[in-house]
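Enquirer: Data file entry-v3.pdb (PDB, C-alpha atoms) is appended below.
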```
ATOM      1  CA  MET E   1     -55.153  15.894  -0.421  1.00  0.00           C
ATOM      2  CA  LYS E   2     -55.642  12.717  -2.446  1.00  0.00           C
ATOM      3  CA  ASN E   3     -54.893  14.617  -5.683  1.00  0.00           C
ATOM      4  CA  LYS E   4     -51.643  16.012  -4.245  1.00  0.00           C
ATOM      5  CA  LEU E   5     -50.510  12.501  -3.257  1.00  0.00           C
ATOM      6  CA  THR E   6     -51.386  11.160  -6.718  1.00  0.00           C
ATOM      7  CA  ILE E   7     -49.427  13.985  -8.356  1.00  0.00           C
ATOM      8  CA  PHE E   8     -46.429  13.341  -6.057  1.00  0.00           C
ATOM      9  CA  VAL E   9     -46.392   9.583  -6.772  1.00  0.00           C
ATOM     10  CA  THR E  10     -46.764  10.202 -10.520  1.00  0.00           C
ATOM     11  CA  LEU E  11     -43.917  12.733 -10.441  1.00  0.00           C
ATOM     12  CA  ALA E  12     -41.705  10.341  -8.443  1.00  0.00           C
ATOM     13  CA  ILE E  13     -42.337   7.502 -10.912  1.00  0.00           C
ATOM     14  CA  PHE E  14     -41.553   9.834 -13.806  1.00  0.00           C
ATOM     15  CA  LEU E  15     -38.292  11.053 -12.217  1.00  0.00           C
ATOM     16  CA  PHE E  16     -37.142   7.515 -11.391  1.00  0.00           C
ATOM     17  CA  SER E  17     -37.810   6.480 -14.980  1.00  0.00           C
ATOM     18  CA  ILE E  18     -35.538   9.295 -16.183  1.00  0.00           C
ATOM     19  CA  ILE E  19     -32.696   9.141 -13.642  1.00  0.00           C
ATOM     20  CA  GLY E  20     -33.080   5.581 -12.436  1.00  0.00           C
ATOM     21  CA  SER E  21     -34.086   4.283  -9.070  1.00  0.00           C
ATOM     22  CA  PRO E  22     -31.903   5.055  -6.082  1.00  0.00           C
ATOM     23  CA  THR E  23     -29.422   2.339  -5.177  1.00  0.00           C
ATOM     24  CA  VAL E  24     -27.576   1.609  -2.012  1.00  0.00           C
ATOM     25  CA  SER E  25     -23.875   1.210  -2.699  1.00  0.00           C
ATOM     26  CA  ALA E  26     -21.824  -1.364  -0.847  1.00  0.00           C
ATOM     27  CA  ILE E  27     -19.490  -0.216   1.880  1.00  0.00           C
ATOM     28  CA  ASP E  28     -15.840  -0.460   0.902  1.00  0.00           C
ATOM     29  CA  GLU E  29     -13.807  -3.147   2.613  1.00  0.00           C
ATOM     30  CA  THR E  30     -10.045  -3.565   3.004  1.00  0.00           C
ATOM     31  CA  THR E  31      -7.550  -6.374   3.049  1.00  0.00           C
ATOM     32  CA  ILE E  32      -3.908  -6.121   4.143  1.00  0.00           C
ATOM     33  CA  LEU E  33      -1.125  -8.114   2.502  1.00  0.00           C
ATOM     34  CA  PRO E  34       2.510  -8.560   3.472  1.00  0.00           C
ATOM     35  CA  PHE E  35       5.465  -8.544   1.144  1.00  0.00           C
ATOM     36  CA  GLY E  36       6.899 -12.049   1.497  1.00  0.00           C
ATOM     37  CA  ILE E  37      10.082 -12.274  -0.591  1.00  0.00           C
ATOM     38  CA  TYR E  38      13.312 -10.280  -0.695  1.00  0.00           C
ATOM     39  CA  ASP E  39      15.808 -10.323  -3.552  1.00  0.00           C
ATOM     40  CA  GLN E  40      18.812 -12.055  -2.003  1.00  0.00           C
ATOM     41  CA  TYR E  41      20.840 -11.698  -5.202  1.00  0.00           C
ATOM     42  CA  ARG E  42      20.466  -7.983  -5.804  1.00  0.00           C
ATOM     43  CA  ASN E  43      19.350  -5.447  -3.204  1.00  0.00           C
ATOM     44  CA  TYR E  44      19.022  -6.094   0.507  1.00  0.00           C
ATOM     45  CA  TRP E  45      19.810  -4.353   3.793  1.00  0.00           C
ATOM     46  CA  ASP E  46      22.959  -5.133   5.812  1.00  0.00           C
ATOM     47  CA  THR E  47      21.689  -7.238   8.711  1.00  0.00           C
ATOM     48  CA  TYR E  48      18.964  -9.906   8.649  1.00  0.00           C
ATOM     49  CA  PRO E  49      17.338  -8.788   5.371  1.00  0.00           C
ATOM     50  CA  GLU E  50      14.847 -11.672   5.629  1.00  0.00           C
ATOM     51  CA  TYR E  51      13.269  -9.984   8.670  1.00  0.00           C
ATOM     52  CA  MET E  52      11.647  -7.367   6.426  1.00  0.00           C
ATOM     53  CA  VAL E  53       9.484 -10.100   4.875  1.00  0.00           C
ATOM     54  CA  ASN E  54       8.955 -12.633   7.687  1.00  0.00           C
ATOM     55  CA  GLN E  55       5.685 -10.979   8.867  1.00  0.00           C
ATOM     56  CA  ASP E  56       6.960 -10.603  12.441  1.00  0.00           C
ATOM     57  CA  GLU E  57       6.540  -7.028  13.611  1.00  0.00           C
ATOM     58  CA  GLU E  58       9.164  -7.558  16.344  1.00  0.00           C
ATOM     59  CA  ASP E  59      11.975  -8.677  13.965  1.00  0.00           C
ATOM     60  CA  TYR E  60      13.890  -5.791  12.364  1.00  0.00           C
ATOM     61  CA  THR E  61      16.339  -5.718   9.510  1.00  0.00           C
ATOM     62  CA  ASN E  62      19.002  -3.051   9.904  1.00  0.00           C
ATOM     63  CA  THR E  63      21.289  -0.965   7.737  1.00  0.00           C
ATOM     64  CA  THR E  64      24.049   1.576   8.323  1.00  0.00           C
ATOM     65  CA  THR E  65      24.792   2.072   4.622  1.00  0.00           C
ATOM     66  CA  ILE E  66      23.921   5.331   2.858  1.00  0.00           C
ATOM     67  CA  ASP E  67      21.616   4.741  -0.133  1.00  0.00           C
ATOM     68  CA  ASP E  68      21.087   1.105   0.877  1.00  0.00           C
ATOM     69  CA  SER E  69      17.989  -0.588  -0.528  1.00  0.00           C
ATOM     70  CA  GLU E  70      16.077  -3.847  -0.335  1.00  0.00           C
ATOM     71  CA  PHE E  71      13.882  -5.121  -3.159  1.00  0.00           C
ATOM     72  CA  ILE E  72      10.837  -7.003  -1.861  1.00  0.00           C
ATOM     73  CA  SER E  73       7.915  -8.620  -3.671  1.00  0.00           C
ATOM     74  CA  THR E  74       4.551 -10.234  -2.986  1.00  0.00           C
ATOM     75  CA  ASP E  75       4.354 -13.291  -5.245  1.00  0.00           C
ATOM     76  CA  ILE E  76       0.803 -13.873  -4.039  1.00  0.00           C
ATOM     77  CA  MET E  77      -2.324 -14.936  -5.905  1.00  0.00           C
ATOM     78  CA  LEU E  78      -5.608 -13.436  -4.742  1.00  0.00           C
ATOM     79  CA  GLU E  79      -9.200 -14.232  -5.547  1.00  0.00           C
ATOM     80  CA  ASP E  80     -11.319 -11.436  -6.996  1.00  0.00           C
ATOM     81  CA  LEU E  81     -13.065  -9.799  -4.045  1.00  0.00           C
ATOM     82  CA  GLY E  82     -14.575  -6.868  -5.954  1.00  0.00           C
ATOM     83  CA  THR E  83     -13.677  -3.557  -7.586  1.00  0.00           C
ATOM     84  CA  ILE E  84     -10.392  -2.120  -6.311  1.00  0.00           C
ATOM     85  CA  THR E  85     -10.695   1.555  -5.380  1.00  0.00           C
ATOM     86  CA  LYS E  86      -7.422   2.270  -3.562  1.00  0.00           C
ATOM     87  CA  VAL E  87      -3.976   0.693  -3.034  1.00  0.00           C
ATOM     88  CA  GLU E  88      -1.637   1.860  -0.261  1.00  0.00           C
ATOM     89  CA  LEU E  89       1.694   0.988   1.371  1.00  0.00           C
ATOM     90  CA  ARG E  90       3.051   1.454   4.877  1.00  0.00           C
ATOM     91  CA  ALA E  91       6.226   0.539   6.746  1.00  0.00           C
ATOM     92  CA  ASN E  92       7.184  -0.165  10.343  1.00  0.00           C
ATOM     93  CA  GLY E  93      10.553   1.168  11.441  1.00  0.00           C
ATOM     94  CA  TYR E  94      12.742   3.404  13.580  1.00  0.00           C
ATOM     95  CA  TRP E  95      16.201   4.991  13.638  1.00  0.00           C
ATOM     96  CA  THR E  96      19.040   5.291  16.149  1.00  0.00           C
ATOM     97  CA  ASP E  97      22.213   7.433  16.259  1.00  0.00           C
ATOM     98  CA  ALA E  98      21.165   9.816  13.441  1.00  0.00           C
ATOM     99  CA  GLN E  99      17.786  10.443  11.821  1.00  0.00           C
ATOM    100  CA  ARG E 100      17.037   8.804   8.480  1.00  0.00           C
ATOM    101  CA  SER E 101      13.862   8.163   6.536  1.00  0.00           C
ATOM    102  CA  ILE E 102      12.522   5.026   4.884  1.00  0.00           C
ATOM    103  CA  VAL E 103      11.582   5.540   1.237  1.00  0.00           C
ATOM    104  CA  LEU E 104       9.092   3.144  -0.365  1.00  0.00           C
ATOM    105  CA  GLN E 105       9.027   2.982  -4.161  1.00  0.00           C
ATOM    106  CA  PRO E 106       6.549   0.510  -5.677  1.00  0.00           C
ATOM    107  CA  TYR E 107       7.457  -1.405  -8.831  1.00  0.00           C
ATOM    108  CA  PHE E 108       4.416  -2.308 -10.897  1.00  0.00           C
ATOM    109  CA  SER E 109       4.527  -5.621 -12.787  1.00  0.00           C
ATOM    110  CA  GLY E 110       7.889  -6.030 -11.054  1.00  0.00           C
ATOM    111  CA  ILE E 111       9.717  -3.635 -13.391  1.00  0.00           C
ATOM    112  CA  TYR E 112       7.960  -0.256 -13.735  1.00  0.00           C
ATOM    113  CA  PRO E 113       8.980   2.182 -10.959  1.00  0.00           C
ATOM    114  CA  GLY E 114       6.351   4.237  -9.179  1.00  0.00           C
ATOM    115  CA  ASP E 115       6.761   7.376  -7.090  1.00  0.00           C
ATOM    116  CA  ASP E 116       8.810   7.708  -3.891  1.00  0.00           C
ATOM    117  CA  HIS E 117       6.822   7.656  -0.646  1.00  0.00           C
ATOM    118  CA  THR E 118       8.792   8.801   2.400  1.00  0.00           C
ATOM    119  CA  PHE E 119       8.282   7.716   6.004  1.00  0.00           C
ATOM    120  CA  ASN E 120      10.122   9.548   8.786  1.00  0.00           C
ATOM    121  CA  PRO E 121      10.140   6.900  11.504  1.00  0.00           C
ATOM    122  CA  PRO E 122      10.463   7.669  15.207  1.00  0.00           C
ATOM    123  CA  GLU E 123      13.687   7.374  17.165  1.00  0.00           C
ATOM    124  CA  ASN E 124      14.514   4.225  19.176  1.00  0.00           C
ATOM    125  CA  GLU E 125      11.135   2.462  19.000  1.00  0.00           C
ATOM    126  CA  GLY E 126       9.343   1.003  16.010  1.00  0.00           C
ATOM    127  CA  ASN E 127       6.078   2.400  14.755  1.00  0.00           C
ATOM    128  CA  TRP E 128       3.943   2.214  11.619  1.00  0.00           C
ATOM    129  CA  SER E 129       3.890   4.965   9.037  1.00  0.00           C
ATOM    130  CA  ASN E 130       0.638   6.407   7.781  1.00  0.00           C
ATOM    131  CA  TRP E 131      -0.773   4.628   4.752  1.00  0.00           C
ATOM    132  CA  MET E 132       0.713   6.061   1.525  1.00  0.00           C
ATOM    133  CA  GLU E 133      -1.494   5.806  -1.550  1.00  0.00           C
ATOM    134  CA  ILE E 134       0.042   4.307  -4.719  1.00  0.00           C
ATOM    135  CA  THR E 135      -3.176   3.827  -6.723  1.00  0.00           C
ATOM    136  CA  SER E 136      -2.312   6.523  -9.272  1.00  0.00           C
ATOM    137  CA  ASP E 137       1.493   6.547  -9.038  1.00  0.00           C
ATOM    138  CA  THR E 138       3.627   6.969 -12.126  1.00  0.00           C
ATOM    139  CA  ASN E 139       3.430   3.665 -14.061  1.00  0.00           C
ATOM    140  CA  ALA E 140       0.602   2.352 -11.834  1.00  0.00           C
ATOM    141  CA  HIS E 141      -2.101   0.246 -13.403  1.00  0.00           C
ATOM    142  CA  ALA E 142      -4.856   2.373 -14.965  1.00  0.00           C
ATOM    143  CA  TYR E 143      -7.433  -0.095 -13.638  1.00  0.00           C
ATOM    144  CA  TRP E 144      -6.316  -2.307 -10.787  1.00  0.00           C
ATOM    145  CA  ASP E 145      -7.060  -6.015 -10.999  1.00  0.00           C
ATOM    146  CA  TRP E 146      -6.469  -8.670  -8.341  1.00  0.00           C
ATOM    147  CA  THR E 147      -3.795 -10.302 -10.506  1.00  0.00           C
ATOM    148  CA  ASP E 148      -1.757  -7.060 -10.338  1.00  0.00           C
ATOM    149  CA  PHE E 149      -0.584  -8.059  -6.849  1.00  0.00           C
ATOM    150  CA  GLU E 150       1.145 -11.235  -8.060  1.00  0.00           C
ATOM    151  CA  ASP E 151       4.150  -9.208  -9.173  1.00  0.00           C
ATOM    152  CA  LEU E 152       3.891  -5.985  -7.166  1.00  0.00           C
ATOM    153  CA  CYS E 153       7.325  -5.173  -5.778  1.00  0.00           C
ATOM    154  CA  CYS E 154       8.732  -2.425  -3.580  1.00  0.00           C
ATOM    155  CA  LEU E 155      12.201  -0.925  -3.280  1.00  0.00           C
ATOM    156  CA  VAL E 156      12.779   0.022   0.369  1.00  0.00           C
ATOM    157  CA  ARG E 157      15.554   2.639   0.521  1.00  0.00           C
ATOM    158  CA  VAL E 158      17.431   4.697   3.063  1.00  0.00           C
ATOM    159  CA  GLY E 159      16.518   8.353   2.675  1.00  0.00           C
ATOM    160  CA  GLY E 160      19.456  10.812   2.491  1.00  0.00           C
ATOM    161  CA  GLY E 161      21.958  11.969   5.077  1.00  0.00           C
ATOM    162  CA  ASN E 162      25.466  11.228   6.276  1.00  0.00           C
ATOM    163  CA  ASN E 163      27.175   8.275   7.957  1.00  0.00           C
ATOM    164  CA  GLY E 164      26.698   7.354  11.590  1.00  0.00           C
ATOM    165  CA  PHE E 165      23.106   6.090  11.566  1.00  0.00           C
ATOM    166  CA  ASN E 166      21.204   2.872  12.146  1.00  0.00           C
ATOM    167  CA  LEU E 167      17.905   2.442  10.319  1.00  0.00           C
ATOM    168  CA  TRP E 168      15.568  -0.404  11.221  1.00  0.00           C
ATOM    169  CA  CYS E 169      12.550  -1.800   9.336  1.00  0.00           C
ATOM    170  CA  SER E 170      10.405  -4.776  10.331  1.00  0.00           C
ATOM    171  CA  GLN E 171       7.676  -4.865   7.680  1.00  0.00           C
ATOM    172  CA  VAL E 172       6.117  -3.282   4.633  1.00  0.00           C
ATOM    173  CA  GLU E 173       2.434  -3.924   3.973  1.00  0.00           C
ATOM    174  CA  ILE E 174      -0.095  -3.320   1.216  1.00  0.00           C
ATOM    175  CA  ARG E 175      -3.665  -2.275   1.948  1.00  0.00           C
ATOM    176  CA  ILE E 176      -6.265  -2.830  -0.769  1.00  0.00           C
ATOM    177  CA  THR E 177      -9.585  -1.011  -0.514  1.00  0.00           C
ATOM    178  CA  TYR E 178     -12.342  -2.503  -2.642  1.00  0.00           C
ATOM    179  CA  THR E 179     -16.078  -2.541  -3.170  1.00  0.00           C
ATOM    180  CA  PRO E 180     -17.385  -6.114  -2.859  1.00  0.00           C
ATOM    181  CA  GLU E 181     -19.394  -7.450  -5.782  1.00  0.00           C
TER     182      GLU E 181
END
```
As structure tokens, what does this structure read like?
Expert:
Amino acid sequence: MKNKLTIFVTLAIFLFSIIGSPTVSAIDETTILPFGIYDQYRNYWDTYPEYMVNQDEEDYTNTTTIDDSEFISTDIMLEDLGTITKVELRANGYWTDAQRSIVLQPYFSGIYPGDDHTFNPPENEGNWSNWMEITSDTNAHAYWDWTDFEDLCCLVRVGGGNNGFNLWCSQVEIRITYTPE
């Protein structure tokens, strides 16, 4: 029995020297950021456009204009919390009178458009969309860094359809998943 144990320990030491010792990886953590600025000189929704960025889930901006859009940005500086593994967006909204969707299109470095991410909100009462991953969107950063959020923007658009609708949106958020260092 002693010889078998010696052989096992010797084999284990040999294998660890070849493949390395096992490590325990850190559990990923998340942080959620709001968009805090809207472009009051270019694109914004019809009524109370500032509500989309005031971080109050009960305040809704509204539009009745086909193809309307609002350009929002973060303008936030973050400390390095670890290695970023995923970046996602979500919106809170609803529609009345006729169904419309909310389309989120990230703009990386403030100028490079990403892919469209569509949220079909519920009727009459606000609710959050599912998280929509933008980590590998067209024009996304190959390797995300914490400084990439200083100028991350999002175009929030009305998705297709005819007149006779009211579309409401209270917030758009970013969720960053990272492995702490």
Enquirer: Give me, please, the distance in Å between atom CA of Asn62 of chain E and atom CA of Pro122 of chain E, quoted to one decimal.
Expert: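 Computed distance, atom CA of Asn62 of chain E to atom CA of Pro122 of chain E, equals 14.7 Å.
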Enquirer: Apply the PyMOL selection byres ((chain E and resi 39) around 10) to the structure shown and report the selected residues as a PyMOL selection string.
Expert: chain E and resi 37-38+40-44+49-50+70-73
Enquirer: For Phe149 of chain E, list every protein, DNA or RNA residue within 8 Å, evaluated using only C-alpha atoms, and leave out those in the same chain fewer than 5 positions away; present the list as an MDAnalysis selection string.
Expert: chainID E and resid 74:78
Enquirer: With a cut-off of 9 Å, could you pull out the residues of segment 137-175 of chain E touching segment 53-57 of chain E and give me the nearest pair of atoms for each, distance in Å to one decimal, using all atoms listed in the file, ordered by chain and ascending number, as a Markdown table?
Expert:
```
| residue | atom | partner | partner_atom | distance |
| --- | --- | --- | --- | --- |
| E:Ser170 | CA | E:Glu57 | CA | 5.5 |
| E:Gln171 | CA | E:Val53 | CA | 6.2 |
| E:Val172 | CA | E:Val53 | CA | 7.6 |
```
Enquirer: So what do you get for atom CA of Trp128 of chain E versus atom CA of Trp168 of chain E, distance-wise?
Expert: 11.9 Å
Enquirer: Might you spell out which residues the PyMOL selection byres ((chain E and resi 130) around 12) would select in the displayed file, as an MDAnalysis selection string?
Expert: chainID E and resid 88:93 117:121 127:129 131:133 172:175
